[in-house]
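coords00.cif (mmCIF, C-alpha atoms)
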data_run
#
loop_
_atom_site.label_atom_id
_atom_site.label_comp_id
_atom_site.auth_asym_id
_atom_site.auth_seq_id
_atom_site.Cartn_x
_atom_site.Cartn_y
_atom_site.Cartn_z
CA MET A 987 25.95 -16.27 5.08
CA LYS A 988 26.56 -12.74 6.24
CA ALA A 989 24.90 -11.35 3.12
CA LEU A 990 21.90 -13.62 3.66
CA ASN A 991 21.70 -12.48 7.26
CA ARG A 992 21.73 -8.84 6.16
CA LEU A 993 19.11 -9.49 3.46
CA PHE A 994 16.66 -10.99 5.93
CA THR A 995 17.35 -8.29 8.51
CA ARG A 996 16.50 -5.62 5.95
CA LEU A 997 13.43 -7.53 4.80
CA GLY A 998 12.24 -7.78 8.37
CA ARG A 999 12.88 -4.11 9.05
CA GLY A 1000 11.10 -3.20 5.83
CA SER A 1001 8.06 -5.26 6.77
CA ILE A 1002 7.83 -3.78 10.27
CA PHE A 1003 8.21 -0.33 8.70
CA LEU A 1004 5.39 -1.14 6.25
CA THR A 1005 2.98 -2.03 9.07
CA LYS A 1006 3.86 1.27 10.75
CA ILE A 1007 3.12 3.15 7.51
CA LEU A 1008 -0.16 1.31 7.00
CA SER A 1009 -1.31 2.05 10.53
CA GLY A 1010 -0.54 5.73 9.88
CA ILE A 1011 -2.66 5.91 6.73
CA PRO A 1012 -6.22 6.09 8.20
CA GLN A 1013 -5.52 9.34 10.07
CA LEU A 1014 -4.22 10.88 6.83
CA PHE A 1015 -7.78 11.31 5.60
CA LEU A 1016 -8.21 13.96 8.29
CA ARG A 1017 -5.22 15.88 6.89
CA PHE A 1018 -5.59 15.14 3.22
CA GLY A 1019 -3.73 18.34 2.31
CA LEU A 1020 -0.48 16.54 3.10
CA VAL A 1021 -1.32 13.84 0.57
CA VAL A 1022 -2.34 16.40 -2.06
CA GLN A 1023 1.02 18.12 -1.70
CA GLN A 1024 2.78 14.78 -2.20
CA LEU A 1025 0.52 13.90 -5.12
CA TYR A 1026 1.96 17.00 -6.73
CA SER A 1027 5.61 16.09 -6.23
CA VAL A 1028 5.12 12.35 -6.85
CA GLY A 1029 2.38 12.30 -9.49
CA VAL A 1030 2.22 15.60 -11.34
CA LYS A 1031 5.98 15.85 -11.78
CA THR A 1032 6.05 12.31 -13.25
CA LEU A 1033 3.19 13.13 -15.62
CA PHE A 1034 5.30 14.70 -18.35
CA ILE A 1035 7.81 11.87 -18.72
CA THR A 1036 4.92 9.37 -18.68
CA LEU A 1037 3.08 11.21 -21.44
CA VAL A 1038 6.12 11.46 -23.71
CA ALA A 1039 7.28 7.89 -23.06
CA GLY A 1040 3.78 6.49 -23.59
CA LEU A 1041 3.38 8.35 -26.86
CA PHE A 1042 6.65 7.06 -28.25
CA VAL A 1043 6.19 3.50 -27.00
CA GLY A 1044 2.79 3.38 -28.70
CA MET A 1045 4.18 4.83 -31.93
CA VAL A 1046 7.13 2.41 -32.02
CA LEU A 1047 4.87 -0.55 -31.26
CA ALA A 1048 2.61 0.43 -34.15
CA LEU A 1049 5.55 0.73 -36.54
CA GLN A 1050 7.14 -2.57 -35.50
CA LEU A 1051 3.93 -4.57 -35.48
CA TYR A 1052 2.78 -3.09 -38.77
CA TYR A 1053 5.79 -4.44 -40.65
CA THR A 1054 5.39 -7.90 -39.15
CA LEU A 1055 1.62 -7.96 -39.62
CA SER A 1056 1.78 -6.77 -43.21
CA THR A 1057 3.64 -9.96 -44.16
CA PHE A 1058 0.52 -11.86 -43.07
CA GLY A 1059 -1.91 -9.33 -44.48
CA ALA A 1060 -3.31 -8.85 -40.99
CA THR A 1061 -2.69 -5.14 -40.44
CA ASP A 1062 -6.30 -4.65 -39.33
CA THR A 1063 -5.43 -6.28 -36.02
CA LEU A 1064 -2.76 -3.63 -35.32
CA GLY A 1065 -4.91 -1.69 -32.85
CA MET A 1066 -5.85 -4.80 -30.93
CA LEU A 1067 -2.25 -5.97 -30.61
CA VAL A 1068 -1.00 -2.56 -29.50
CA ASP A 1069 -3.86 -2.20 -27.03
CA LEU A 1070 -3.33 -5.66 -25.51
CA SER A 1071 0.41 -5.26 -25.15
CA LEU A 1072 0.04 -1.80 -23.61
CA VAL A 1073 -2.83 -2.51 -21.27
CA ARG A 1074 -1.63 -5.88 -20.06
CA GLU A 1075 2.10 -5.45 -19.92
CA LEU A 1076 3.91 -2.34 -21.11
CA GLY A 1077 1.63 0.26 -19.54
CA PRO A 1078 1.94 -0.95 -15.95
CA VAL A 1079 5.57 -2.10 -16.22
CA VAL A 1080 7.17 0.79 -18.12
CA ALA A 1081 5.16 3.36 -16.17
CA ALA A 1082 6.36 1.70 -12.94
CA LEU A 1083 9.99 1.74 -14.12
CA LEU A 1084 9.70 5.43 -15.03
CA PHE A 1085 7.99 6.06 -11.72
CA ALA A 1086 10.85 4.35 -9.86
CA GLY A 1087 13.41 6.44 -11.73
CA ARG A 1088 11.60 9.75 -11.49
CA ALA A 1089 9.60 9.71 -8.27
CA GLY A 1090 11.11 6.84 -6.26
CA SER A 1091 14.63 8.22 -6.40
CA ALA A 1092 13.40 11.68 -5.42
CA LEU A 1093 11.48 10.26 -2.47
CA THR A 1094 14.52 8.38 -1.18
CA ALA A 1095 16.83 11.34 -1.61
CA GLU A 1096 14.39 13.70 0.12
CA ILE A 1097 13.75 11.44 3.10
CA GLY A 1098 17.41 10.44 3.33
CA LEU A 1099 18.47 14.07 3.39
CA MET A 1100 15.86 14.83 6.05
CA LYS A 1101 17.44 12.07 8.10
CA ALA A 1102 20.99 13.25 7.43
CA THR A 1103 20.14 16.82 8.46
CA GLU A 1104 18.32 15.49 11.52
CA GLN A 1105 14.95 16.89 10.55
CA LEU A 1106 13.31 13.54 11.29
CA SER A 1107 14.73 13.41 14.82
CA GLY A 1108 13.70 17.07 15.15
CA LEU A 1109 10.13 16.07 14.47
CA GLU A 1110 10.39 13.31 17.04
CA MET A 1111 11.67 15.85 19.58
CA MET A 1112 8.44 17.80 19.00
CA ALA A 1113 6.46 14.59 19.65
CA VAL A 1114 5.42 14.36 16.00
CA ASP A 1115 5.77 10.87 14.57
CA PRO A 1116 7.84 11.25 11.37
CA VAL A 1117 6.31 8.07 9.92
CA ASP A 1118 2.80 9.49 10.20
CA ARG A 1119 3.76 13.00 9.13
CA ILE A 1120 6.45 12.48 6.46
CA ILE A 1121 6.45 8.88 5.27
CA ALA A 1122 2.77 7.87 5.14
CA PRO A 1123 1.59 10.77 2.90
CA ARG A 1124 4.39 10.06 0.41
CA PHE A 1125 3.61 6.36 0.40
CA LEU A 1126 -0.12 6.90 -0.08
CA ALA A 1127 0.49 9.45 -2.85
CA GLY A 1128 2.68 6.91 -4.67
CA VAL A 1129 0.05 4.19 -4.40
CA ILE A 1130 -2.67 6.55 -5.71
CA SER A 1131 -0.54 7.97 -8.54
CA MET A 1132 0.71 4.72 -10.04
CA PRO A 1133 -2.58 3.35 -11.51
CA LEU A 1134 -3.41 6.80 -12.88
CA LEU A 1135 0.01 7.09 -14.51
CA ALA A 1136 -0.21 3.59 -15.97
CA GLY A 1137 -3.67 4.38 -17.36
CA ILE A 1138 -2.38 7.60 -18.90
CA PHE A 1139 0.61 5.73 -20.36
CA SER A 1140 -1.63 3.13 -22.03
CA ALA A 1141 -4.19 5.65 -23.28
CA VAL A 1142 -1.53 7.94 -24.77
CA GLY A 1143 0.21 4.90 -26.25
CA ILE A 1144 -2.98 3.85 -28.02
CA LEU A 1145 -3.42 7.38 -29.37
CA GLY A 1146 0.19 7.33 -30.58
CA ALA A 1147 -0.37 3.97 -32.26
CA TYR A 1148 -3.53 5.39 -33.84
CA SER A 1149 -1.67 8.39 -35.25
CA VAL A 1150 1.09 6.21 -36.71
CA GLY A 1151 -1.05 3.27 -37.78
CA VAL A 1152 -4.05 5.10 -39.22
CA ASP A 1153 -2.71 8.47 -40.31
CA LEU A 1154 0.76 7.41 -41.43
CA LEU A 1155 0.56 3.75 -42.49
CA GLY A 1156 -3.02 3.68 -43.73
CA VAL A 1157 -4.71 1.14 -41.46
CA ASP A 1158 -8.48 1.56 -41.59
CA SER A 1159 -9.71 3.67 -38.67
CA GLY A 1160 -12.91 1.65 -38.20
CA ALA A 1161 -11.01 -1.66 -38.21
CA PHE A 1162 -8.54 -0.24 -35.69
CA TRP A 1163 -11.22 0.50 -33.08
CA SER A 1164 -13.59 -2.37 -33.86
CA GLN A 1165 -10.82 -4.96 -33.50
CA ILE A 1166 -9.91 -3.39 -30.16
CA GLN A 1167 -13.47 -3.41 -28.91
CA ALA A 1168 -14.07 -6.97 -30.12
CA LYS A 1169 -10.98 -8.56 -28.63
CA VAL A 1170 -9.94 -6.56 -25.56
CA ASP A 1171 -11.89 -7.57 -22.49
CA PHE A 1172 -12.44 -4.99 -19.76
CA TYR A 1173 -12.15 -7.35 -16.79
CA ASP A 1174 -9.51 -9.75 -18.12
CA ASP A 1175 -7.23 -7.18 -19.70
CA VAL A 1176 -7.86 -3.62 -18.56
CA LEU A 1177 -8.79 -4.32 -14.95
CA ASN A 1178 -5.93 -6.78 -14.48
CA GLY A 1179 -3.56 -4.14 -15.83
CA ILE A 1180 -4.87 -1.62 -13.30
CA ILE A 1181 -4.44 -4.17 -10.50
CA LYS A 1182 -0.87 -4.75 -11.67
CA SER A 1183 -0.05 -1.04 -11.63
CA PHE A 1184 -1.58 -0.73 -8.16
CA VAL A 1185 0.71 -3.50 -6.89
CA PHE A 1186 3.72 -1.90 -8.60
CA GLY A 1187 2.89 1.48 -7.04
CA PHE A 1188 2.75 -0.20 -3.64
CA ILE A 1189 6.11 -1.92 -4.13
CA VAL A 1190 7.98 1.06 -5.57
CA SER A 1191 6.67 3.49 -2.94
CA TRP A 1192 7.44 1.05 -0.16
CA ILE A 1193 11.01 0.48 -1.31
CA ALA A 1194 11.58 4.20 -1.91
CA VAL A 1195 10.42 5.41 1.49
CA PHE A 1196 12.09 2.51 3.30
CA GLU A 1197 15.46 3.06 1.64
CA GLY A 1198 15.26 6.75 2.49
CA TYR A 1199 14.24 6.17 6.10
CA ASP A 1200 16.79 3.39 6.60
CA CYS A 1201 19.77 5.02 4.89
CA VAL A 1202 23.11 5.79 6.47
CA PRO A 1203 22.74 9.51 7.34
CA THR A 1204 25.70 10.76 5.33
CA SER A 1205 25.88 12.18 1.83
CA GLU A 1206 27.40 8.93 0.63
CA GLY A 1207 24.71 6.90 2.38
CA VAL A 1208 21.94 8.97 0.77
CA SER A 1209 23.43 8.55 -2.69
CA SER A 1210 23.81 4.77 -2.36
CA ALA A 1211 20.29 4.52 -0.93
CA THR A 1212 18.94 6.39 -3.97
CA THR A 1213 20.75 4.01 -6.29
CA ARG A 1214 19.43 1.02 -4.38
CA THR A 1215 15.89 2.35 -4.65
CA VAL A 1216 16.01 2.51 -8.45
CA VAL A 1217 17.77 -0.85 -8.86
CA ASN A 1218 15.76 -2.78 -6.30
CA SER A 1219 12.37 -1.41 -7.25
CA SER A 1220 13.01 -1.99 -10.96
CA LEU A 1221 13.96 -5.60 -10.27
CA ALA A 1222 11.05 -6.04 -7.87
CA VAL A 1223 8.61 -4.65 -10.44
CA LEU A 1224 9.86 -7.02 -13.15
CA ALA A 1225 9.85 -10.06 -10.86
CA MET A 1226 6.41 -9.20 -9.48
CA ASP A 1227 5.18 -8.70 -13.03
CA PHE A 1228 6.08 -12.28 -13.84
CA VAL A 1229 4.26 -13.58 -10.77
CA LEU A 1230 1.15 -11.47 -11.42
CA THR A 1231 1.06 -12.41 -15.10
CA ALA A 1232 1.34 -16.09 -14.21
CA ILE A 1233 -1.58 -15.73 -11.79
CA MET A 1234 -3.80 -13.58 -13.99
CA TYR A 1235 -3.44 -15.08 -17.46
CA GLN A 1236 -3.28 -18.82 -17.06
CA MET B 33 1.56 28.65 -4.25
CA PHE B 34 -0.63 26.12 -2.49
CA ARG B 35 -3.58 26.88 -4.76
CA SER B 36 -1.56 26.12 -7.90
CA VAL B 37 -0.45 22.80 -6.37
CA GLU B 38 -4.08 21.89 -5.80
CA ILE B 39 -5.04 22.83 -9.35
CA SER B 40 -2.26 20.80 -10.94
CA VAL B 41 -3.04 17.78 -8.76
CA GLY B 42 -6.67 18.14 -9.81
CA ILE B 43 -5.66 18.22 -13.46
CA PHE B 44 -3.42 15.18 -12.94
CA VAL B 45 -6.15 13.13 -11.29
CA GLY B 46 -8.63 14.31 -13.94
CA ILE B 47 -6.38 13.22 -16.81
CA GLY B 48 -5.72 9.91 -15.07
CA LEU B 49 -9.40 9.16 -14.58
CA ALA B 50 -10.14 10.25 -18.16
CA ALA B 51 -7.47 7.84 -19.40
CA LEU B 52 -8.91 4.97 -17.38
CA PHE B 53 -12.37 5.87 -18.64
CA MET B 54 -11.11 5.86 -22.22
CA LEU B 55 -9.47 2.46 -21.69
CA ALA B 56 -12.77 1.15 -20.33
CA MET B 57 -15.16 2.55 -22.90
CA GLN B 58 -13.16 3.00 -26.09
CA ALA B 59 -10.33 0.51 -25.81
CA SER B 60 -12.16 -2.55 -24.50
CA ASN B 61 -15.42 -4.39 -24.94
CA LEU B 62 -17.17 -2.76 -22.00
CA GLY B 63 -18.90 -0.11 -24.10
CA SER B 64 -20.02 -2.45 -26.87
CA PHE B 65 -22.01 -5.18 -25.17
CA THR B 66 -24.11 -5.26 -22.04
CA SER B 67 -25.49 -8.49 -20.67
CA GLU B 68 -28.57 -6.74 -19.26
CA GLY B 69 -31.53 -6.86 -21.55
CA ALA B 70 -30.64 -10.31 -22.85
CA TYR B 71 -32.47 -13.62 -22.86
CA GLN B 72 -30.96 -17.07 -22.59
CA VAL B 73 -31.23 -19.78 -25.20
CA ARG B 74 -29.56 -23.15 -24.97
CA ALA B 75 -28.49 -25.52 -27.73
CA ARG B 76 -26.96 -29.00 -27.75
CA PHE B 77 -24.10 -29.88 -30.08
CA ASP B 78 -22.27 -33.13 -30.72
CA ASN B 79 -19.02 -31.23 -31.04
CA ILE B 80 -18.38 -27.55 -30.39
CA GLY B 81 -14.85 -27.46 -31.80
CA GLY B 82 -13.03 -24.41 -30.46
CA LEU B 83 -16.06 -22.47 -29.23
CA LYS B 84 -15.42 -20.58 -26.00
CA VAL B 85 -17.38 -18.59 -23.45
CA LYS B 86 -17.81 -15.04 -24.82
CA SER B 87 -17.65 -16.26 -28.42
CA ALA B 88 -20.02 -14.30 -30.64
CA VAL B 89 -23.53 -15.37 -31.62
CA LYS B 90 -24.34 -14.07 -35.08
CA ALA B 91 -27.38 -14.01 -37.32
CA GLY B 92 -26.81 -13.03 -40.91
CA GLY B 93 -23.28 -12.01 -39.93
CA VAL B 94 -24.50 -9.49 -37.35
CA LYS B 95 -23.55 -10.03 -33.74
CA VAL B 96 -26.75 -10.55 -31.74
CA GLY B 97 -25.31 -11.99 -28.53
CA GLN B 98 -22.59 -14.07 -26.97
CA VAL B 99 -22.00 -17.50 -25.48
CA SER B 100 -22.38 -17.30 -21.71
CA ASN B 101 -21.75 -20.87 -20.62
CA ILE B 102 -20.55 -24.20 -22.02
CA ASP B 103 -21.16 -27.49 -20.25
CA TYR B 104 -21.01 -31.20 -21.02
CA ASP B 105 -24.10 -33.35 -20.46
CA SER B 106 -22.74 -36.73 -19.40
CA GLU B 107 -26.11 -38.46 -19.89
CA THR B 108 -26.63 -37.58 -23.53
CA PHE B 109 -22.90 -37.13 -24.27
CA GLU B 110 -23.52 -33.72 -25.81
CA ALA B 111 -22.11 -30.25 -25.28
CA VAL B 112 -24.66 -27.77 -23.92
CA VAL B 113 -24.07 -24.18 -25.03
CA VAL B 114 -25.96 -21.36 -23.31
CA MET B 115 -26.21 -18.14 -25.29
CA ASN B 116 -27.24 -14.64 -24.19
CA ILE B 117 -29.12 -12.97 -27.03
CA GLU B 118 -29.95 -9.28 -26.81
CA ASP B 119 -33.58 -8.44 -26.16
CA LYS B 120 -33.96 -6.31 -29.25
CA PHE B 121 -33.37 -9.46 -31.33
CA SER B 122 -36.19 -11.38 -29.65
CA GLN B 123 -37.95 -12.67 -32.76
CA PHE B 124 -36.10 -15.83 -33.73
CA PRO B 125 -38.52 -18.56 -34.86
CA ARG B 126 -38.58 -21.76 -32.80
CA ASP B 127 -37.10 -23.82 -35.63
CA THR B 128 -34.00 -21.64 -35.94
CA ILE B 129 -30.89 -23.65 -36.81
CA ALA B 130 -27.77 -23.06 -34.70
CA SER B 131 -24.48 -24.00 -36.37
CA ILE B 132 -20.89 -23.48 -35.36
CA PHE B 133 -18.89 -21.67 -38.01
CA THR B 134 -15.35 -20.39 -38.30
CA SER B 135 -14.76 -16.81 -39.38
CA GLY B 136 -12.18 -16.98 -42.12
CA LEU B 137 -9.87 -19.92 -42.61
CA LEU B 138 -8.09 -19.69 -39.28
CA GLY B 139 -10.35 -17.26 -37.43
CA GLU B 140 -12.21 -17.92 -34.24
CA GLN B 141 -15.42 -19.88 -34.03
CA TYR B 142 -18.88 -18.47 -33.48
CA VAL B 143 -22.48 -19.65 -33.33
CA GLY B 144 -24.45 -18.79 -36.45
CA LEU B 145 -28.25 -18.63 -36.23
CA GLU B 146 -30.35 -19.28 -39.34
CA PRO B 147 -34.01 -18.40 -38.78
CA GLY B 148 -36.63 -20.96 -39.85
CA GLY B 149 -40.31 -20.45 -40.62
CA ASP B 150 -42.09 -21.18 -37.35
CA GLU B 151 -44.56 -18.55 -36.18
CA LYS B 152 -43.67 -18.98 -32.51
CA PHE B 153 -40.52 -17.36 -31.23
CA LEU B 154 -37.73 -18.56 -28.99
CA GLY B 155 -38.24 -17.29 -25.44
CA ASN B 156 -36.07 -17.09 -22.37
CA GLU B 157 -34.65 -20.49 -21.28
CA SER B 158 -35.87 -22.15 -24.47
CA GLU B 159 -33.84 -24.64 -26.44
CA ILE B 160 -32.81 -24.70 -30.08
CA ARG B 161 -33.54 -28.20 -31.39
CA LEU B 162 -31.82 -28.04 -34.76
CA THR B 163 -28.07 -27.78 -34.44
CA GLN B 164 -25.07 -28.46 -36.58
CA SER B 165 -21.71 -29.24 -35.02
CA ALA B 166 -18.40 -27.60 -35.69
CA MET B 167 -16.32 -28.80 -38.60
CA VAL B 168 -13.22 -30.50 -37.28
CA LEU B 169 -10.45 -30.30 -39.84
CA GLU B 170 -8.93 -33.68 -38.95
CA GLN B 171 -12.31 -35.40 -39.40
CA LEU B 172 -12.84 -33.68 -42.74
CA ILE B 173 -9.44 -34.75 -44.01
CA GLY B 174 -10.03 -38.27 -42.72
CA GLN B 175 -13.38 -38.49 -44.52
CA PHE B 176 -11.82 -37.11 -47.69
CA LEU B 177 -9.01 -39.65 -47.68
CA PHE B 178 -11.47 -42.43 -46.90
CA SER B 179 -13.76 -41.55 -49.80
CA LYS B 180 -10.75 -41.19 -52.10
CA SER B 181 -9.52 -44.70 -51.30
CA GLU B 182 -13.08 -45.97 -51.74
CA ASP B 183 -13.18 -44.40 -55.21
CA LYS B 184 -9.92 -46.10 -56.05
CA GLY B 185 -11.31 -49.45 -54.88
CA ASN B 186 -14.37 -49.09 -57.14
CA GLU B 187 -12.38 -48.46 -60.27
#

What does this structure look like when you write it as structure tokens?
Amino acid sequence: MKALNRLFTRLGRGSIFLTKILSGIPQLFLRFGLVVQQLYSVGVKTLFITLVAGLFVGMVLALQLYYTLSTFGATDTLGMLVDLSLVRELGPVVAALLFAGRAGSALTAEIGLMKATEQLSGLEMMAVDPVDRIIAPRFLAGVISMPLLAGIFSAVGILGAYSVGVDLLGVDSGAFWSQIQAKVDFYDDVLNGIIKSFVFGFIVSWIAVFEGYDCVPTSEGVSSATTRTVVNSSLAVLAMDFVLTAIMYQ
Amino acid sequence: MFRSVEISVGIFVGIGLAALFMLAMQASNLGSFTSEGAYQVRARFDNIGGLKVKSAVKAGGVKVGQVSNIDYDSETFEAVVVMNIEDKFSQFPRDTIASIFTSGLLGEQYVGLEPGGDEKFLGNESEIRLTQSAMVLEQLIGQFLFSKSEDKGNE
């Protein structure tokens, strides 16, 4: 009962906090430099891990699927299978999990430490709203970065699958691309994947900034808030993925 | 310092947009077929089997269009299939035969067009009169067994 009470209290606080962030976003377009700076620390710094992970996920997918498909003599469909699994599922989800681990944890730790060292209350003393100045740019940068990162993940994954499938295993290059272009639909598959990654970016950024802003302002509180960010946003991404998939691909 | 941040963010956004562009043009069907510059032809079938919207329309094995709509006419009890055929393939004779074929043994179904000899061509919103329904495997097997037992009875 107590745990349930605490859960709903936090959910309520998180929702009120979200409306505050959202109302702070329109004025950010006047000071877009703040968002650009956060795009650097949220997006650019996550780029490398996304590139490497995407490449290897694509290569492994190609290897695994090739051995299964070759028992049916259907290796020509390799590209299509890799593309569909990346664009629909793995791209958005794995990129979001990496994003939660790399950028979400950093966001929470940064904001939590600002709170612990009383920088946030310092801003309030100077009549600057910390939500508008600190939280909203980070949130918006996360929401912008996530679809781009998921797109990069999928694209690099397809290139990795191409290098393994065509160059290493001998799938025909023309069949690889023509199967993809025949079977992968832009609106049903690619666009739905982008919508998914947008939703994941929203969720992960929201959880990350909320945990940081709401943490107990001690070193222990910051560390447990960082852990909670990674755990909660990973679980939220996976649960939300199920819901979105059920809605999108009936 | 600030300049280099801006440059790297620019590169990041550029790569991201390039990746999305590649997914759209190279890794999906967006670059291969446009529905502009197409004319509509309808055909009635007794049975369309597993034909779906966006199934291919082929002539001589070449994709010339795709199925844009499937409906059921409850007065004639027939399936009505509307096809978008690209404008550059505008010269199908009026007595073209539309049949539903399966690519490979277990592949997906498509509409095959076999041109006839009429000198007038199919236009927009015209209808193909000669159609052949999809082969339904259960019906084929049923007919086969039926004719087999009939053979036995004659002996």

### Nearby residues (all atoms listed in the file) at most 10 Å from Phe109 of chain B, same-chain spacing under 3 positions excluded, as an MDAnalysis selection string
chainID B and resid 76:79 104:106 112

### Query
What do you get, as number ranges by chain, if you spell out every residue that the PyMOL selection byres ((chain B) within 12 of (chain A)) selects here?
B: 33-66, 86-88, 95, 98, 138-140

Please tell me which residues are no farther than 10 Å from (-34.6, -24.8, -22.9) in the file, counting all atoms listed in the file, and write them as a PDB file with C-alpha atoms, in the frame of the given file.
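Written file, result-v3.pdb:
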ATOM      1  CA  GLN B  72     -30.960 -17.070 -22.590  1.00  0.00           C
ATOM      2  CA  VAL B  73     -31.230 -19.780 -25.200  1.00  0.00           C
ATOM      3  CA  ARG B  74     -29.560 -23.150 -24.970  1.00  0.00           C
ATOM      4  CA  ALA B  75     -28.490 -25.520 -27.730  1.00  0.00           C
ATOM      5  CA  ARG B  76     -26.960 -29.000 -27.750  1.00  0.00           C
ATOM      6  CA  VAL B 114     -25.960 -21.360 -23.310  1.00  0.00           C
ATOM      7  CA  LEU B 154     -37.730 -18.560 -28.990  1.00  0.00           C
ATOM      8  CA  GLY B 155     -38.240 -17.290 -25.440  1.00  0.00           C
ATOM      9  CA  ASN B 156     -36.070 -17.090 -22.370  1.00  0.00           C
ATOM     10  CA  GLU B 157     -34.650 -20.490 -21.280  1.00  0.00           C
ATOM     11  CA  SER B 158     -35.870 -22.150 -24.470  1.00  0.00           C
ATOM     12  CA  GLU B 159     -33.840 -24.640 -26.440  1.00  0.00           C
ATOM     13  CA  ILE B 160     -32.810 -24.700 -30.080  1.00  0.00           C
ATOM     14  CA  ARG B 161     -33.540 -28.200 -31.390  1.00  0.00           C
TER      15      ARG B 161
END

### Query
Just how far from atom CA of Val1129 of chain A is atom CA of Leu1230 of chain A, in Å to one decimal?
17.2 Å

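Residues with any atom within 8 Å of Ala1211 of chain A, counting only C-alpha atoms and excluding same-chain neighbours fewer than 4 positions away, are A:Thr1094, A:Ala1095, A:Gly1098, A:Glu1197, A:Gly1198, A:Cys1201, A:Gly1207, A:Thr1215.
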
Would you save the residues of that selection, restricted to C-alpha atoms, as a CSV table (one decimal), keeping the file's coordinate frame?
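Written out: again_5.csv:
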chain,number,residue,atom,x,y,z
A,1094,THR,CA,14.5,8.4,-1.2
A,1095,ALA,CA,16.8,11.3,-1.6
A,1098,GLY,CA,17.4,10.4,3.3
A,1197,GLU,CA,15.5,3.1,1.6
A,1198,GLY,CA,15.3,6.8,2.5
A,1201,CYS,CA,19.8,5.0,4.9
A,1207,GLY,CA,24.7,6.9,2.4
A,1215,THR,CA,15.9,2.4,-4.6

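Considering the residues A:Val1079, A:Leu993, A:Leu1084, A:Val1021 and counting only C-alpha atoms, Ala1122 of chain A has its shortest atom-to-atom contact with A:Val1021.
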
### Task
Given the file shown, enumerate the residues that the PyMOL selection byres ((chain A and resi 1044-1059) around 10) captures and present them as a PyMOL selection string.
chain A and resi 1039-1043+1060-1065+1067-1069+1071-1072+1076-1077+1139-1152+1154-1155+1157

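Between atom CA of Tyr71 of chain B and atom CA of Phe124 of chain B the separation is 11.7 Å.
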
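Taking atom CA of Leu1004 of chain A and atom CA of Glu1075 of chain A as the two end points, the separation is 26.7 Å.
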
### Task
Pull the neighbourhood of (19.3, 5.2, -5.5) for me: all residues within 9 Å in file coordinates, counting all atoms listed in the file, as number ranges by chain.
A: 1087, 1090-1092, 1094-1095, 1194, 1197, 1208-1218

### Message
For a quick check of understanding, using only C-alpha atoms, which of B:Ser122, B:Asn186, B:Thr134, B:Gln141 has the smallest distance to Val99 of chain B?
### Response
B:Gln141

As a short mmCIF file (atom, residue, chain, number, x, y, z; two decimals), in the coordinates of the input, the rebuilt segment 43-54 of chain B with N, CA and C atoms:
data_model
loop_
_atom_site.label_atom_id
_atom_site.label_comp_id
_atom_site.auth_asym_id
_atom_site.auth_seq_id
_atom_site.Cartn_x
_atom_site.Cartn_y
_atom_site.Cartn_z
N ILE B 43 -5.79 18.51 -12.03
CA ILE B 43 -5.66 18.22 -13.46
C ILE B 43 -5.08 16.83 -13.66
N PHE B 44 -4.06 16.49 -12.85
CA PHE B 44 -3.42 15.18 -12.94
C PHE B 44 -4.42 14.06 -12.71
N VAL B 45 -5.18 14.17 -11.60
CA VAL B 45 -6.15 13.13 -11.29
C VAL B 45 -7.23 13.08 -12.38
N GLY B 46 -7.62 14.27 -12.87
CA GLY B 46 -8.63 14.31 -13.94
C GLY B 46 -8.16 13.60 -15.19
N ILE B 47 -6.92 13.89 -15.62
CA ILE B 47 -6.38 13.22 -16.81
C ILE B 47 -6.30 11.72 -16.58
N GLY B 48 -5.84 11.34 -15.37
CA GLY B 48 -5.72 9.91 -15.07
C GLY B 48 -7.05 9.19 -15.15
N LEU B 49 -8.09 9.80 -14.54
CA LEU B 49 -9.40 9.16 -14.58
C LEU B 49 -9.94 9.13 -16.01
N ALA B 50 -9.69 10.22 -16.76
CA ALA B 50 -10.14 10.25 -18.16
C ALA B 50 -9.48 9.13 -18.95
N ALA B 51 -8.17 8.90 -18.68
CA ALA B 51 -7.47 7.84 -19.40
C ALA B 51 -8.05 6.48 -19.06
N LEU B 52 -8.32 6.25 -17.76
CA LEU B 52 -8.91 4.97 -17.38
C LEU B 52 -10.30 4.81 -17.99
N PHE B 53 -11.05 5.92 -18.04
CA PHE B 53 -12.37 5.87 -18.64
C PHE B 53 -12.28 5.53 -20.12
N MET B 54 -11.28 6.14 -20.79
CA MET B 54 -11.11 5.86 -22.22
C MET B 54 -10.74 4.39 -22.43
#
